[in-house]
Structure formats: C-alpha cells, structure tokens
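Enquirer: Before I ask anything, here is the structure I am working with.
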Amino acid sequence: MAGILLLPLWICAQGVNFRTLSYAEAIKLAVKEKKMIFIDFYTTWCGPCKQMAKEVFPQQEVGAYFNRTFISLQFDAEQEEGMELAKKYAVRAFPTFVVLSSDGTEVFRTSGYRPAGEFVEKICKGIDPECSPAGLTRRYEKGERTPQLVNDYAMLLLEQGKTEEGSGVINDYFNRLSVRKKVKPENFFLYERYTLNFDDPKARYLFENKKQFVKTNGEEAVNKLLYAWLRMRLIPYFSLRNPEPVTAEGLQKLKADVERVKLTHTRAMPDLLAIADVRIGGNIREYLEMCKEKFPVLEEQDRFVILLDLDLVNTEPQEVKQLAVDLLRGSMQFADKFHQHILRMKMLALEGKKDFTLQAEIDAVEKGKVILMGWTPQGMVQDTFDFTDHRIKLDIAARDTSRLTLKLLCEELACLAPRLGTYYPNVNLMVVPGEYAVMKIRAEKGKVPEVDWVRGGTVVHDYWRLYYQQAKPAEVVYRQLVMTNIMQGGDIRNYKEEFDAYMQANKQTIMAFIRENPQSYISLVNVLEYYDWFDENEAEQIYNQFPRELQNTAYGKMLQRKLDAGRPYRSGSIAPDFVKKDMDGKEVSLEGLKGKYVLLDFWGSWCGPCRESHPHLKELHEKYGKKVVFVNVAVENVRDLEQARKLWKQAVKEDDMTWTQILNNEGKKEYDLPKLYHITSFPTKILIDPEGKVIARFVGAMADPEEFLKAL
C-alpha cells in the first residue's frame, strides 16, 4: 500500500484527470485502455463535494494512482446525464464515488469526504477482490470475524443504505466478544465508529468499565468518546428542538453521569449545562441571553446546534426574535459558506425576509460597482456592490416585492450631464423574495441598456417581459430621449408629441399584458396601479381570473376594496340624480335631462391636465353637441365661495367653454357631485345614456370619450 501512496512525482505531475466524456464513451475507452471507470457524483450545493474537489483530487499522489487505474468522470447528479446515472446506480448521498468495471458493473462505492491518503487507500482496498463488496460478503458469510473484516463489512452495508443490517453486524460481533476482548485496542473501533450516543449499550459498557478501557486504550481516547456521548445526550437540553422528552429529572440524571465520569478535559460542558438549566425553565428570553453570554467559550459545533433551532422562536414577541437574529448575525463569520447559507435563511425567516439573487453578465464593463436603489414599504433602499469579470452577483434580503433600479456605476458608461454632474445608466427590475434572476445586460455609453433574459423566477420574468420584451417602439424611443435629454441638459417638456406617443404605447402595452396574463402577480400590481384605464366591469372580470393566492395578497385585497367601492358607479348602473344651478342660475338636474345622452366632465381651474384637455373637449362639443348634453362640473379647492366663483368663471372664460357649467362648491351640502359619483381623480368624464344609465367612465386627460361618442 505504501508504494501506491508514495509514487515519485515524475510519474504524474497533476491531480485526477477527469475526462469530459459521456458514460457510453467512457465504457468504450475503458475497454480499449483496459481500465476501470471511477465516477464522482456531486451536486453544486454540496460542501463535502467542493472540499474533495479543492483538497483531494488536485493532489499529485491522488492523480498518480487514479490516472493509472481509472477512466475518471464527474457528473452533477442533478443535471441531465448525471441525474440518469445517479438513478441507475441508486446514489442517495453526496459525494458518492462509484467504481465500475469496463462493462458498467459496479465494483465498489464509498461516499463522503476523506483526506487524500485515506481516500486512495479506501478505493484501493475496495477494488481488491478480497475487499470488494462481493469479497467482503463472501468472507463474512463463511464465518470470518476478524475486527478488520467486521469493520469493513459493516461500513459497506451502511454505505449501501442497509442501516439495520450494518448495525446488526456490529451488535452481533460485540455481543459475542468476551469481557477481556471488549476492551482490547483492536476492538476500540466499535466505540469510535459505531456508537453514536450515551444510550447505546456499548457506550454504557465503556462507561461502567472506564478503568479497564483507560488501561488498554489510554485516558485521552476514552475521555474523548465519553465527552462526545454525554454531549449528544445533552443536546436536547441545551437546544430548542426536542427530538425526545426532556425533563428536570432527566437533566439531573445527566449531570450525575457527568460527575461520575470525571472527565479530565470537559471543554464547554459546564457552560452547556448552564444553558440547559435556563432552557429547562422555559423562559426563551433568558435562554437567548444565556446563549449570548456563553457563546464565546462554546465550541463551533455547539453554537451551530443552538443557532440551527433559533427559527423556533418565530412565535415569540418581536424583541425576543431580535435577540435570536442578533445571535445569528454575530455568528455567521465562524461558519463555512454552506453553513452560513443555512444560518442566513434562519435569520431572514425571523426577520420575515427571503433572499433574492440576481446574476447578470454585463458585456461592456469588466469590473466596477452597481447601486441597487429604490423605495420599499420599509423605506428607501440603497446598497452598493462590487463586480468583476463582467459578472454581477447580488444577494438581497427582502421582505416585500419591490421595483428597484440597478445603477451601473461604471466610468466606462458614465456621461457628463450639465444639471446632474455625472450620469450613469440604469436597469429596472423587480426584486422578489424567494426568487432569482439571471440576465445579460448589453450596455453602451450614451445608450439605454438592453436586458436579455436567461432564466429565473416567474414574477421577475413577467416584469422583464412587460418592461423590456413587449415594450413598443414609441416606449423605447422615449426612454432613450429622456436619457439623451438629461445628458444634453434640455427640458423634456419640450417633447410633448413624443411623450403623448409614449403614454399611449405604454398604456396599450400594460393593458394588453394584463388581459393576456390573468395569472400574473405583475398583472395584479398593474391593474391596481392603472385601475382607471379599465372599465370597472372588466377590472372585476380580470380580478376574478386571478388565483386565490393572488387575491389574498395585500394588492389583491386593495383591488377588491376598490372594486367594491366603485360598484354602484360603474357602467350599467343608474347614475344618481342631482339638482344644481348653472352659471346663469338655471336649474340643472339629471332627471330633467332624461331622454338625452349626457357627458359629465369633472374638473377644476387648478387642474393642469383638466385645462389641457379642454380644447379637445371643445372640439367634441362642436361635433356632438347636438346629440349629447355636455355638463362641466367644476370643483374648486378653496373654502371661500366667492373666491371659488371667481376662479371658476375666469377659467371657463379662458377656456371658451360655452355649454352648461356647474360649480360643485355651490349647494355642496345638498349635492356633492364628486362624492355622489365616486370621483377620485381629475379630470374624470362620465357618459350617461337617455335612460340614466352610466355607459362609461373616462379618467385622466389621456382618456378620450370620442370613440363612444362616434358610436352614438
């Protein structure tokens, strides 16, 4: 064996040569080169897999043996062919290493991390006919019971998932041993490898016969085992999770056993017992405070056991949960990356958050910074991240789904802007707790970045589809116009035609997306935000198509309340009657206008969009005034009635509106028309048929009733 492990360096100056071959190709090559096949089954999330790849496989002595003996392959057990092979060879743990003959028959397998020398020795013995699975089984069935065989055969059964059979081999061997042989060093493996806790009869035997074991195996080895078993028994008492009943009497008995053992090196046992005393009392706050006090002296494994169960305080008051969060946050640095991830998930759960991961490849810049910024329900967010090698990777803890902006803080893309100083381009995205997104950003100085989708969560993808993929040319042109205008220091208000085209295109894009995607969270958010674009009957039809889980969200409930509030005023309902006086003092009532079409226009002299819409309203009156009665209802935001009249009359004169004009401020106590007609935005127009039923509502300056008027 030593000759295998101590091969001279000139034989192989590299680690294991893993071939990029398919399984079928490896079989052919193995026959040709008269070698066996070695397969490393791994996963991307497996810590021991990464440890083997980093520490064992690159070593020269490992490569020397493996490259001479095997065709070596690596397969991700969760991807394509690797998944099929893992199923074929019943791989259940990672990493698992399987050795095959050149015809694909399994020769040997083992799993888990091992140091280089031990790993090579394990594989070498496994492919020895006498030490192969078939060889070990044959020798055991023939009655061989040497310590080495029992150890190897039991381990083989356990690695094959045959736990009961493996334990049976060990227990049968232990029970057949004489008192003298049970304490011999060659059988100490029974206690070191196959005794997991103090309740095992083998542990009790060693405990009751400690003196004899110390005499034959040494005090340090015996104390190490006793400490490990007592600690395992103590875990349910010092951690929050109780896999078995824990009582004050049970803790006292455990303390008595600790005292009887008289360990020479107790490490943190007294501190664990102190935590257990508080834990058994049931006060979670005191327990967390004691953990905080004792953490500096505890071993890493004991801290991790405690931290792993802290999500169980989720039902406690917020201040108690915060103590647990502080413990988790303060202990992250002591764990490796894999366990850091686990603890971070626990911490975020206590904070009501989940991770959102963004990976983006940016073609134009190799390295730089990005700023993620925007408003969330908890306030302003602004975090800066570094990136290198053209790859941006962000892990963001979030409680709520939010629209945020990713600013590309890269000098290669920076532009001077007269009013802003330096302008950096940005990308819009939706941050969704529990989802992820992988994108490609195509950036060019002075240009709005383009974003290509690769893969990711449903909500993030839907936002990308709406904002990037389905954007109409007028939207893309206007976004670039805004950016160019900023860099030139111009006034975007000078581009009214482009803005109007953008607004019309954006409205069409959003409404089409909502109608085509009634299962989407993005549709729910947008139908609520642009509620006034839809006829309320259609809005309710869209709401009814949303899945129940979307209807039960905060946005879903807000939309339901909005629909309920507007139900009496939507199209098809009877318009409420009113009696008001016009500018000439003549009485105007809806009842008096029955038999005619009526267009109510709610506005105010203070409302810019209202005033901007009046020239078109005047055109509509000239076209359709003979068939439709136009009634303008002004709402002035002043308390003094005379001041309201003055502002109203002046605006009517300036806008040259010659049809029926009503001031809501007059007679407001009797008839408050905005309240009566559920007006929440200005301008709003309501078209009423001759029978007094609402035909349609038009909210906003961009909402044009002409299409309906033409149809009349």
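We label chains A, B, ... in the order they appear in the structure tokens, count residues from 1 in each chain, and number ligands from 1 in the order shown.
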Could you pull the residues within 10 Å of Gln545 in chain A, counting only C-alpha atoms, minus those fewer than 6 positions along the same chain, as a PyMOL selection string?
Expert: chain A and resi 517-520+551
Enquirer: Please, which residues of range 92-278 of chain A, numbered as in this document, come out helix (DSSP H, G or I) from DSSP, as an MDAnalysis selection string?
Expert: chainID A and resid 116:127 133:141 147:159 163:176 179:182 185:187 189:194 201:208 210:217 219:238 248:261 269:278
Enquirer: Grab the residues selected above and save them as a compact mmCIF listing (two decimals), in the first residue's frame with C-alpha atoms.
Expert:
# COMPACT_ATOMS: atom_id res chain seq x y z
CA ALA A 116 -6.21 12.21 0.28
CA GLY A 117 -4.24 9.27 1.73
CA GLU A 118 -7.25 7.72 3.42
CA PHE A 119 -9.36 8.18 0.28
CA VAL A 120 -6.84 6.45 -2.02
CA GLU A 121 -6.44 3.61 0.48
CA LYS A 122 -10.23 3.22 0.68
CA ILE A 123 -10.60 2.98 -3.11
CA CYS A 124 -7.57 0.70 -3.43
CA LYS A 125 -8.93 -1.74 -0.87
CA GLY A 126 -12.43 -1.52 -2.37
CA ILE A 127 -11.35 -2.77 -5.77
CA PRO A 133 -18.41 -5.85 -1.83
CA ALA A 134 -18.65 -9.40 -3.16
CA GLY A 135 -15.42 -10.41 -1.44
CA LEU A 136 -16.41 -8.94 1.94
CA THR A 137 -19.83 -10.56 1.76
CA ARG A 138 -18.36 -13.94 0.87
CA ARG A 139 -15.82 -13.81 3.71
CA TYR A 140 -18.45 -12.75 6.27
CA GLU A 141 -20.89 -15.44 5.19
CA PRO A 147 -12.04 -6.91 13.66
CA GLN A 148 -10.93 -5.57 10.26
CA LEU A 149 -13.49 -7.61 8.31
CA VAL A 150 -16.36 -6.76 10.69
CA ASN A 151 -15.46 -3.08 10.40
CA ASP A 152 -15.21 -3.13 6.58
CA TYR A 153 -18.33 -5.24 6.07
CA ALA A 154 -20.47 -3.14 8.43
CA MET A 155 -19.27 0.05 6.74
CA LEU A 156 -20.13 -1.43 3.34
CA LEU A 157 -23.70 -2.18 4.45
CA LEU A 158 -24.14 1.29 5.93
CA GLU A 159 -22.85 2.97 2.76
CA THR A 163 -28.58 0.58 8.23
CA GLU A 164 -30.37 -2.18 10.09
CA GLU A 165 -28.15 -4.92 8.62
CA GLY A 166 -24.97 -2.93 9.30
CA SER A 167 -25.96 -2.28 12.91
CA GLY A 168 -26.86 -5.95 13.28
CA VAL A 169 -23.34 -6.99 12.18
CA ILE A 170 -21.74 -4.70 14.79
CA ASN A 171 -24.09 -5.66 17.64
CA ASP A 172 -23.76 -9.37 16.92
CA TYR A 173 -19.96 -9.08 16.98
CA PHE A 174 -20.00 -7.02 20.19
CA ASN A 175 -22.33 -9.42 22.00
CA ARG A 176 -20.11 -12.44 21.13
CA VAL A 179 -15.17 -9.29 28.64
CA ARG A 180 -11.43 -9.31 28.02
CA LYS A 181 -11.74 -8.78 24.25
CA LYS A 182 -14.30 -5.95 24.57
CA PRO A 185 -7.50 -1.85 21.26
CA GLU A 186 -8.29 -3.82 18.09
CA ASN A 187 -12.00 -3.65 19.05
CA PHE A 189 -13.43 0.78 16.61
CA LEU A 190 -16.78 -0.49 17.94
CA TYR A 191 -16.97 2.54 20.23
CA GLU A 192 -15.29 5.11 17.98
CA ARG A 193 -17.22 4.41 14.76
CA TYR A 194 -20.41 2.61 15.68
CA PRO A 201 -25.36 -0.36 25.29
CA LYS A 202 -21.78 -0.20 24.02
CA ALA A 203 -21.42 3.33 25.45
CA ARG A 204 -22.87 2.18 28.77
CA TYR A 205 -20.44 -0.73 28.83
CA LEU A 206 -17.47 1.57 28.31
CA PHE A 207 -18.87 3.97 30.95
CA GLU A 208 -19.24 1.19 33.53
CA LYS A 210 -13.88 3.03 32.27
CA LYS A 211 -10.82 1.98 34.28
CA GLN A 212 -10.16 -1.11 32.17
CA PHE A 213 -10.65 0.85 28.92
CA VAL A 214 -8.28 3.61 30.08
CA LYS A 215 -5.69 0.98 30.96
CA THR A 216 -5.76 -0.64 27.49
CA ASN A 217 -6.66 2.30 25.21
CA GLU A 219 -7.25 8.06 29.05
CA GLU A 220 -7.42 10.68 26.28
CA ALA A 221 -9.16 8.39 23.76
CA VAL A 222 -11.68 7.15 26.36
CA ASN A 223 -12.48 10.63 27.71
CA LYS A 224 -12.93 11.95 24.18
CA LEU A 225 -15.62 9.34 23.50
CA LEU A 226 -17.38 9.81 26.83
CA TYR A 227 -17.48 13.57 26.30
CA ALA A 228 -18.93 13.14 22.80
CA TRP A 229 -21.65 10.76 24.03
CA LEU A 230 -22.59 12.92 27.00
CA ARG A 231 -22.71 15.97 24.76
CA MET A 232 -25.04 14.14 22.35
CA ARG A 233 -27.30 13.27 25.27
CA LEU A 234 -27.19 16.90 26.39
CA ILE A 235 -28.21 18.38 23.00
CA PRO A 236 -31.99 18.15 23.61
CA TYR A 237 -31.47 20.08 26.85
CA PHE A 238 -29.37 22.97 25.55
CA ALA A 248 -35.77 18.43 35.00
CA GLU A 249 -35.28 14.91 36.40
CA GLY A 250 -33.61 13.79 33.16
CA LEU A 251 -31.23 16.76 33.31
CA GLN A 252 -30.30 15.97 36.91
CA LYS A 253 -29.55 12.35 35.98
CA LEU A 254 -27.36 13.54 33.10
CA LYS A 255 -25.49 15.87 35.46
CA ALA A 256 -24.92 12.93 37.81
CA ASP A 257 -23.43 10.88 34.95
CA VAL A 258 -21.16 13.79 34.00
CA GLU A 259 -19.97 13.92 37.61
CA ARG A 260 -19.38 10.14 37.74
CA VAL A 261 -17.33 10.16 34.53
CA MET A 269 -19.62 21.04 29.35
CA PRO A 270 -20.27 23.33 32.39
CA ASP A 271 -21.39 26.12 30.03
CA LEU A 272 -23.71 23.79 28.11
CA LEU A 273 -25.20 22.64 31.41
CA ALA A 274 -25.73 26.28 32.45
CA ILE A 275 -27.61 26.90 29.18
CA ALA A 276 -29.61 23.68 29.75
CA ASP A 277 -30.64 24.86 33.24
CA VAL A 278 -32.16 28.03 31.78
Enquirer: Write down as number ranges by chain the residues belonging to range 534-711 of chain A that are assigned strand (DSSP E) by DSSP computed on the backbone.
Expert: A: 579-581, 587-589, 597-603, 628-634, 660-663, 684-688, 694-699
Enquirer: So how many Å separate CA of Leu550 in chain A and CA of Leu528 in chain A, to one decimal?
Expert: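 So the two atoms, CA of Leu550 in chain A and CA of Leu528 in chain A, lie 12.4 Å apart.
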Enquirer: One number please: CA of Val633 in chain A to CA of Leu687 in chain A, in Å, one decimal.
Expert: 13.3 Å
Enquirer: Which residues, written as a PyMOL selection string, have at least one atom at most 12 Å from Gly625 in chain A, with only C-alpha atoms counted and residues fewer than 5 positions away on the same chain left out?
Expert: chain A and resi 596-599+617-620+630-631+658-660+709-710+712
Enquirer: Save the residues we just selected, C-alpha atoms, as a tab-separated table (two decimals), in the first residue's frame?
Expert:
chain	number	residue	atom	x	y	z
A	596	LYS	CA	-80.75	62.59	-23.84
A	597	TYR	CA	-77.15	61.48	-23.77
A	598	VAL	CA	-75.19	63.38	-21.10
A	599	LEU	CA	-71.43	63.82	-20.76
A	617	LEU	CA	-63.45	68.82	-25.24
A	618	LYS	CA	-64.47	71.94	-27.14
A	619	GLU	CA	-63.90	70.09	-30.43
A	620	LEU	CA	-66.08	67.22	-29.19
A	630	PHE	CA	-72.22	68.48	-22.19
A	631	VAL	CA	-72.15	69.41	-18.48
A	658	THR	CA	-69.92	77.83	-23.88
A	659	TRP	CA	-72.01	74.87	-22.72
A	660	THR	CA	-73.56	74.06	-19.34
A	709	LEU	CA	-69.48	59.48	-28.97
A	710	LYS	CA	-68.86	58.35	-32.56
A	712	LEU	CA	-73.77	57.12	-30.71
